[in-house]
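Asker: Next up is a structure, given as structure tokens.
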Amino acid sequence: MTDTEFLDLAESALETLEVAIDELNESTDMDVDAQRVGGMITLVFANKSQIVVNLQKPLHEIWLAAQSGGYHYKWSGSAWLDTKNQAQFWGQLSADMSAQSGLPVDTKHFKTL
């Protein structure tokens with residue numbers, strides 16, 4: 001994968017996340033603030049807990065940090081998969097957002113752009 005290909009795919013994932021957060025805030029009781037600085041989005045929940053999604057450009061990875069732990073994802077050709085257990089990024093993010101917000105978040109909320 002070239003740097004350009006990685007950036008296109010990774011930026012699309014961050015944009016998908018931003019759109020999903022806006023939709024969740026509008027259509028549910030979720031109260032999460034998404035703060036983006038370059039290749040990093042910090043989600044801050046009403047209880048002040050955070051999730052950080054961050055692009056690691058040199059490694060061609062997306063990193064996720066949440067209360068449950070830290071995860072590294074590489075593009076498999078069809079999905080962002082954890083480098084250790086092959087779990088999908090959107091599944092882990094949904095689980096962590098559900099746990100930290102106290103509201104259900106399903107992967108269907110993350111419609112790929």
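Chain labels follow the order of the structure tokens: the first chain is A, the next B, and so on; residue numbering restarts at 1 in every chain, and ligands are counted from 1 in their shown order.
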Do you know which residues are at most 6 Å from Leu64 in chain A counting only C-alpha atoms, after dropping those on the same chain fewer than 2 positions away, and could you put them as a PyMOL selection string?

Answerer: chain A and resi 52-53+70-71

Asker: Measuring between only C-alpha atoms, which one of A:Ala66, A:Gly39, A:Met30, A:Ile51 shows the shortest distance to Val105 in chain A?

Answerer: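 Among the listed residues, A:Met30 lies closest to Val105 in chain A.
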
Asker: Measuring atom to atom with only C-alpha atoms, identify which of A:Arg36, A:His109, A:His72, A:His60 is nearest to Leu14 in chain A.

Answerer: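 Checking each of A:Arg36, A:His109, A:His72, A:His60 against Leu14 in chain A, counting only C-alpha atoms, the winner is A:Arg36.
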
Asker: Can you check which residues of range 32-94 of chain A DSSP gives as helix (DSSP H, G or I) on the backbone and send them as a list in words?

Answerer: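 Those in range 32-94 of chain A that DSSP calls helix (DSSP H, G or I) are Lys57, Pro58, Leu59, Phe89, Trp90, Gly91, Gln92, Leu93 and Ser94 of chain A.
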
Asker: Please determine, counting only C-alpha atoms, which residue among A:Leu17, A:Thr83, A:Phe110, A:Asp22 has the shortest atom-to-atom distance to Leu59 in chain A.

Answerer: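 Answer, going by the shortest atom-to-atom distance: A:Thr83.
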
Asker: How many Å lie between CA of Phe45 in chain A and CA of Gly102 in chain A, rounded to one decimal?

Answerer: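 For CA of Phe45 in chain A relative to CA of Gly102 in chain A, the distance reads 9.7 Å.
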